[in-house]
Amino acid sequence: MVIRPIRREDLRTFANFSDCFEQNKHFLGYLTEMLALGYVRLEWCFVAEEAGKFIGRIVYWSLPLLEKPVIVDILEVSWSENYLEVGTNLLKYSLAQLHFQSTDSIEYELDSPSSDFTSLQKRIEVFEHFGFLLKRETIRFEWKDIQTQTLPSNRLNFRSLDKVGEDAFINAIAQVSSQTLDSSILHDQARLGSQQEATERFNLLKAFKYQPTWWQLAYTHEEILVGLIMPIENDGGATIGYIGVIPEHRGKGYVNDLLNQGTLTLKSNGAARIRTDADINNAPMIRAFQHARYKQFASRRQYYYSMR
């Protein structure tokens, strides 16, 4: 079995992996678009080849401004035979060719329900057998309520990133992440420390599409900082990148003001749909999305693998 990156001339064969013409056509269109936009690179697309036949494929995804993949976007093998060996070999040898450092990690996300995934349990088996660990489970929410007027808060003042500066934002992220209920943030805080986690989160969010005026710190009329909202866009469209209230100001409904502000910002910039996630342990955030007319459309399991 040979694991190698694909070449440009391999694209059509790489796409024609399944027996379904429409599925192959959709995959080729998706991959072509991701390559054109910079979310995927040819050297991040690998094929498992045996006796001249493609028996598996894997695609890694990242933000265009980042130099390394951050997510296993697609993994396909024949799920009816030898899937564990082919799948784990694809992961092992493709990751080795991506030259990660010992401090790096890679993630994989499984949505349910999803028309894009077959053999969910076998996929989980492959990733867990390789060493991926469950990092977080979330509820996925979607907003499409463009007819209902979204009103700005009358009890908070908002100051954007271009007014307050990056240091103020990073410090605010560290404050709102204190005593968080989000498993992913807790995981990264344990690994990096609170301040470094806030810095890395800020830098990661900067790699998405956004305008500095979208990112805002929220203050009471007495000039007390209570939280922040950071709307962004990615290849899937508009989303709430980060939202949070400082611990001592929780329980006062400020998260509703922040979410309305983020929704209004994205809506004002043309978003007809906003998708976002809430950790299953974060009941206040789940209630806030429901209150703001966000509807659950899926659940997600987020796995990670550390290179160390």
# chains A, B, ... in the order shown; residues from 1 in each chain; ligands from 1
>>> residues_around(residues="Leu225 of chain A", least_positions_apart="5", cutoff="10 Å", atoms="only C-alpha atoms", output="PyMOL selection string")
chain A and resi 156-158+172+175+217-220+245-246+249
>>> write_last_selection(atoms="N, CA and C atoms", output="PDB file, in the first residue's frame")
ATOM      1  N   LEU A 156     -26.157  48.391  26.901  1.00  0.00           N
ATOM      2  CA  LEU A 156     -24.717  48.206  26.724  1.00  0.00           C
ATOM      3  C   LEU A 156     -24.197  49.136  25.635  1.00  0.00           C
ATOM      4  N   ASN A 157     -22.966  49.566  25.809  1.00  0.00           N
ATOM      5  CA  ASN A 157     -22.247  50.307  24.778  1.00  0.00           C
ATOM      6  C   ASN A 157     -21.186  49.383  24.182  1.00  0.00           C
ATOM      7  N   PHE A 158     -21.002  49.439  22.868  1.00  0.00           N
ATOM      8  CA  PHE A 158     -20.072  48.549  22.197  1.00  0.00           C
ATOM      9  C   PHE A 158     -18.925  49.339  21.571  1.00  0.00           C
ATOM     10  N   ALA A 172      -9.698  40.621  27.361  1.00  0.00           N
ATOM     11  CA  ALA A 172     -11.127  40.365  27.540  1.00  0.00           C
ATOM     12  C   ALA A 172     -11.447  38.894  27.294  1.00  0.00           C
ATOM     13  N   GLN A 175     -10.579  36.980  30.306  1.00  0.00           N
ATOM     14  CA  GLN A 175     -11.540  37.193  31.389  1.00  0.00           C
ATOM     15  C   GLN A 175     -12.833  36.408  31.167  1.00  0.00           C
ATOM     16  N   LEU A 217     -16.216  44.869  22.179  1.00  0.00           N
ATOM     17  CA  LEU A 217     -16.289  44.725  23.627  1.00  0.00           C
ATOM     18  C   LEU A 217     -17.532  45.462  24.105  1.00  0.00           C
ATOM     19  N   ALA A 218     -18.176  44.903  25.118  1.00  0.00           N
ATOM     20  CA  ALA A 218     -19.434  45.477  25.611  1.00  0.00           C
ATOM     21  C   ALA A 218     -19.234  46.059  27.008  1.00  0.00           C
ATOM     22  N   TYR A 219     -19.733  47.279  27.198  1.00  0.00           N
ATOM     23  CA  TYR A 219     -19.602  47.993  28.466  1.00  0.00           C
ATOM     24  C   TYR A 219     -20.969  48.454  28.952  1.00  0.00           C
ATOM     25  N   THR A 220     -21.117  48.521  30.263  1.00  0.00           N
ATOM     26  CA  THR A 220     -22.314  49.144  30.819  1.00  0.00           C
ATOM     27  C   THR A 220     -22.198  50.660  30.622  1.00  0.00           C
ATOM     28  N   VAL A 245     -19.336  36.342  28.527  1.00  0.00           N
ATOM     29  CA  VAL A 245     -19.605  37.321  29.571  1.00  0.00           C
ATOM     30  C   VAL A 245     -18.620  37.084  30.708  1.00  0.00           C
ATOM     31  N   ILE A 246     -18.063  38.150  31.269  1.00  0.00           N
ATOM     32  CA  ILE A 246     -17.153  38.047  32.407  1.00  0.00           C
ATOM     33  C   ILE A 246     -17.898  37.430  33.589  1.00  0.00           C
ATOM     34  N   HIS A 249     -20.416  39.125  35.953  1.00  0.00           N
ATOM     35  CA  HIS A 249     -21.597  39.762  35.363  1.00  0.00           C
ATOM     36  C   HIS A 249     -22.553  38.753  34.735  1.00  0.00           C
TER      37      HIS A 249
END
>>> select_by_dssp(residues="segment 247-278 of chain A", states="strand (DSSP E)", output="ChimeraX atom specification")
/A:274-278
>>> write_last_selection(atoms="N, CA and C atoms", output="mmCIF file, in the first residue's frame")
data_model
loop_
_atom_site.group_PDB
_atom_site.id
_atom_site.type_symbol
_atom_site.label_atom_id
_atom_site.label_comp_id
_atom_site.auth_asym_id
_atom_site.auth_seq_id
_atom_site.Cartn_x
_atom_site.Cartn_y
_atom_site.Cartn_z
ATOM 1 N N ILE A 274 -26.972 32.070 9.751
ATOM 2 C CA ILE A 274 -25.850 32.070 10.687
ATOM 3 C C ILE A 274 -25.837 30.718 11.382
ATOM 4 N N ARG A 275 -24.688 30.052 11.361
ATOM 5 C CA ARG A 275 -24.548 28.780 12.059
ATOM 6 C C ARG A 275 -23.524 28.914 13.179
ATOM 7 N N THR A 276 -23.747 28.187 14.266
ATOM 8 C CA THR A 276 -22.847 28.274 15.406
ATOM 9 C C THR A 276 -23.023 27.050 16.287
ATOM 10 N N ASP A 277 -22.150 26.902 17.285
ATOM 11 C CA ASP A 277 -22.160 25.730 18.158
ATOM 12 C C ASP A 277 -22.185 26.160 19.616
ATOM 13 N N ALA A 278 -22.749 25.306 20.450
ATOM 14 C CA ALA A 278 -22.677 25.485 21.900
ATOM 15 C C ALA A 278 -22.316 24.151 22.540
#
>>> residues_around(residues="Ser62 of chain A", least_positions_apart="3", cutoff="6 Å", atoms="only C-alpha atoms", output="JSON, numbers by chain")
{"A": [39, 69, 70]}
>>> closest_residue(among="A:Arg287, A:Arg57, A:His221, A:Arg159", to="Gln261 of chain A", atoms="only C-alpha atoms")
A:Arg159
>>> select_by_dssp(residues="segment 126-305 of chain A", states="alpha helix (DSSP H)", output="count of residues only")
67
>>> atom_distance(atom1="atom CA of Thr13 of chain A", atom2="atom CA of Phe54 of chain A")
8.2 Å
>>> residues_around(residues="segment 180-197 of chain A", least_positions_apart="3", cutoff="9 Å", atoms="only C-alpha atoms", output="PyMOL selection string")
chain A and resi 135-137+170-171+173-177+200-202+244+247+278-283+302
>>> write_last_selection(atoms="N, CA and C atoms", output="PDB file, in the first residue's frame")
ATOM      1  N   LYS A 135     -12.782  15.504  22.249  1.00  0.00           N
ATOM      2  CA  LYS A 135     -12.465  16.779  22.884  1.00  0.00           C
ATOM      3  C   LYS A 135     -13.709  17.515  23.353  1.00  0.00           C
ATOM      4  N   ARG A 136     -14.771  17.413  22.572  1.00  0.00           N
ATOM      5  CA  ARG A 136     -15.949  18.221  22.881  1.00  0.00           C
ATOM      6  C   ARG A 136     -17.155  17.691  22.127  1.00  0.00           C
ATOM      7  N   GLU A 137     -18.321  17.840  22.718  1.00  0.00           N
ATOM      8  CA  GLU A 137     -19.584  17.578  22.031  1.00  0.00           C
ATOM      9  C   GLU A 137     -20.410  18.852  22.059  1.00  0.00           C
ATOM     10  N   ILE A 170      -7.570  40.614  23.733  1.00  0.00           N
ATOM     11  CA  ILE A 170      -6.989  39.381  24.274  1.00  0.00           C
ATOM     12  C   ILE A 170      -7.235  39.285  25.773  1.00  0.00           C
ATOM     13  N   ASN A 171      -7.075  40.392  26.474  1.00  0.00           N
ATOM     14  CA  ASN A 171      -7.348  40.385  27.919  1.00  0.00           C
ATOM     15  C   ASN A 171      -8.815  40.098  28.202  1.00  0.00           C
ATOM     16  N   ILE A 173     -10.805  38.288  26.297  1.00  0.00           N
ATOM     17  CA  ILE A 173     -11.002  36.862  26.037  1.00  0.00           C
ATOM     18  C   ILE A 173     -10.582  36.049  27.250  1.00  0.00           C
ATOM     19  N   ALA A 174      -9.436  36.393  27.842  1.00  0.00           N
ATOM     20  CA  ALA A 174      -8.969  35.678  29.031  1.00  0.00           C
ATOM     21  C   ALA A 174      -9.966  35.812  30.173  1.00  0.00           C
ATOM     22  N   GLN A 175     -10.579  36.980  30.306  1.00  0.00           N
ATOM     23  CA  GLN A 175     -11.540  37.193  31.389  1.00  0.00           C
ATOM     24  C   GLN A 175     -12.833  36.408  31.167  1.00  0.00           C
ATOM     25  N   VAL A 176     -13.385  36.464  29.961  1.00  0.00           N
ATOM     26  CA  VAL A 176     -14.662  35.779  29.727  1.00  0.00           C
ATOM     27  C   VAL A 176     -14.475  34.261  29.686  1.00  0.00           C
ATOM     28  N   SER A 177     -13.232  33.800  29.407  1.00  0.00           N
ATOM     29  CA  SER A 177     -12.966  32.361  29.393  1.00  0.00           C
ATOM     30  C   SER A 177     -12.760  31.797  30.789  1.00  0.00           C
ATOM     31  N   GLU A 200      -3.831  32.647  21.613  1.00  0.00           N
ATOM     32  CA  GLU A 200      -3.940  31.738  20.474  1.00  0.00           C
ATOM     33  C   GLU A 200      -5.354  31.729  19.908  1.00  0.00           C
ATOM     34  N   ARG A 201      -6.355  31.835  20.751  1.00  0.00           N
ATOM     35  CA  ARG A 201      -7.737  31.885  20.260  1.00  0.00           C
ATOM     36  C   ARG A 201      -7.948  33.147  19.430  1.00  0.00           C
ATOM     37  N   PHE A 202      -7.439  34.260  19.924  1.00  0.00           N
ATOM     38  CA  PHE A 202      -7.557  35.524  19.181  1.00  0.00           C
ATOM     39  C   PHE A 202      -6.875  35.414  17.828  1.00  0.00           C
ATOM     40  N   GLY A 244     -18.848  35.818  24.983  1.00  0.00           N
ATOM     41  CA  GLY A 244     -18.662  35.502  26.392  1.00  0.00           C
ATOM     42  C   GLY A 244     -18.956  36.680  27.305  1.00  0.00           C
ATOM     43  N   PRO A 247     -17.278  36.489  34.316  1.00  0.00           N
ATOM     44  CA  PRO A 247     -17.982  35.720  35.354  1.00  0.00           C
ATOM     45  C   PRO A 247     -18.813  36.544  36.327  1.00  0.00           C
ATOM     46  N   ALA A 278     -22.749  25.306  20.450  1.00  0.00           N
ATOM     47  CA  ALA A 278     -22.677  25.485  21.900  1.00  0.00           C
ATOM     48  C   ALA A 278     -22.316  24.151  22.540  1.00  0.00           C
ATOM     49  N   ASP A 279     -21.355  24.175  23.441  1.00  0.00           N
ATOM     50  CA  ASP A 279     -20.968  22.970  24.163  1.00  0.00           C
ATOM     51  C   ASP A 279     -22.179  22.394  24.888  1.00  0.00           C
ATOM     52  N   ILE A 280     -22.321  21.074  24.870  1.00  0.00           N
ATOM     53  CA  ILE A 280     -23.485  20.451  25.519  1.00  0.00           C
ATOM     54  C   ILE A 280     -23.515  20.721  27.012  1.00  0.00           C
ATOM     55  N   ASN A 281     -22.364  21.095  27.604  1.00  0.00           N
ATOM     56  CA  ASN A 281     -22.310  21.409  29.033  1.00  0.00           C
ATOM     57  C   ASN A 281     -22.662  22.861  29.340  1.00  0.00           C
ATOM     58  N   ASN A 282     -22.786  23.686  28.290  1.00  0.00           N
ATOM     59  CA  ASN A 282     -22.984  25.114  28.484  1.00  0.00           C
ATOM     60  C   ASN A 282     -24.465  25.466  28.360  1.00  0.00           C
ATOM     61  N   ALA A 283     -25.226  25.131  29.384  1.00  0.00           N
ATOM     62  CA  ALA A 283     -26.675  25.356  29.365  1.00  0.00           C
ATOM     63  C   ALA A 283     -27.051  26.824  29.180  1.00  0.00           C
ATOM     64  N   GLN A 302     -16.309  16.439  18.385  1.00  0.00           N
ATOM     65  CA  GLN A 302     -15.034  17.010  17.957  1.00  0.00           C
ATOM     66  C   GLN A 302     -13.901  16.192  18.577  1.00  0.00           C
TER      67      GLN A 302
END
>>> atom_distance(atom1="atom CA of Asp235 of chain A", atom2="atom CA of Asn260 of chain A")
22.7 Å
>>> atom_distance(atom1="atom CA of Val164 of chain A", atom2="atom CA of Gln216 of chain A")
8.8 Å
>>> residues_around(residues="segment 14-29 of chain A", least_positions_apart="5", cutoff="12 Å", atoms="only C-alpha atoms", output="number ranges by chain")
A: 4-9, 34-36, 42, 45-49, 53-59, 73-79, 115-118
>>> residues_around(residues="segment 104-106 of chain A", least_positions_apart="5", cutoff="10 Å", atoms="only C-alpha atoms", output="list of chain:residue names")
A:Tyr60, A:Trp61, A:Lys68, A:Pro69, A:Val70, A:Ile71, A:Val72, A:Leu95, A:His99, A:Phe132, A:Tyr303, A:Tyr304, A:Tyr305, A:Ser306, A:Met307, A:Arg308
>>> write_last_selection(atoms="N, CA and C atoms", output="short mmCIF file (atom, residue, chain, number, x, y, z; two decimals), in the first residue's frame")
data_model
loop_
_atom_site.label_atom_id
_atom_site.label_comp_id
_atom_site.auth_asym_id
_atom_site.auth_seq_id
_atom_site.Cartn_x
_atom_site.Cartn_y
_atom_site.Cartn_z
N TYR A 60 -7.14 17.16 4.05
CA TYR A 60 -6.96 18.03 5.21
C TYR A 60 -7.38 19.45 4.84
N TRP A 61 -7.89 20.16 5.83
CA TRP A 61 -8.46 21.51 5.63
C TRP A 61 -7.80 22.48 6.60
N LYS A 68 -0.53 25.35 8.08
CA LYS A 68 -0.68 23.92 8.33
C LYS A 68 -2.15 23.56 8.42
N PRO A 69 -2.49 22.32 8.06
CA PRO A 69 -3.88 21.87 8.22
C PRO A 69 -4.28 21.86 9.70
N VAL A 70 -5.55 22.07 9.95
CA VAL A 70 -6.07 22.02 11.33
C VAL A 70 -7.13 20.94 11.51
N ILE A 71 -7.71 20.45 10.40
CA ILE A 71 -8.81 19.49 10.49
C ILE A 71 -8.65 18.41 9.42
N VAL A 72 -8.95 17.18 9.78
CA VAL A 72 -9.16 16.13 8.79
C VAL A 72 -10.55 16.37 8.22
N LEU A 95 -0.07 12.04 7.78
CA LEU A 95 0.38 12.96 8.82
C LEU A 95 1.90 13.05 8.85
N HIS A 99 4.69 17.05 8.07
CA HIS A 99 5.77 17.69 8.83
C HIS A 99 5.26 18.53 10.01
N PHE A 132 -7.06 9.26 18.23
CA PHE A 132 -7.85 10.48 18.42
C PHE A 132 -8.71 10.36 19.67
N TYR A 303 -13.11 15.56 17.72
CA TYR A 303 -11.98 14.73 18.16
C TYR A 303 -10.67 15.46 17.89
N TYR A 304 -9.62 15.10 18.63
CA TYR A 304 -8.30 15.69 18.39
C TYR A 304 -7.22 14.64 18.56
N TYR A 305 -6.11 14.89 17.89
CA TYR A 305 -4.94 14.02 18.00
C TYR A 305 -3.72 14.89 18.20
N SER A 306 -2.98 14.64 19.27
CA SER A 306 -1.77 15.40 19.57
C SER A 306 -0.56 14.70 18.98
N MET A 307 0.34 15.46 18.37
CA MET A 307 1.51 14.89 17.71
C MET A 307 2.61 14.45 18.70
N ARG A 308 2.52 14.89 19.91
CA ARG A 308 3.59 14.57 20.86
C ARG A 308 3.56 13.10 21.26
#
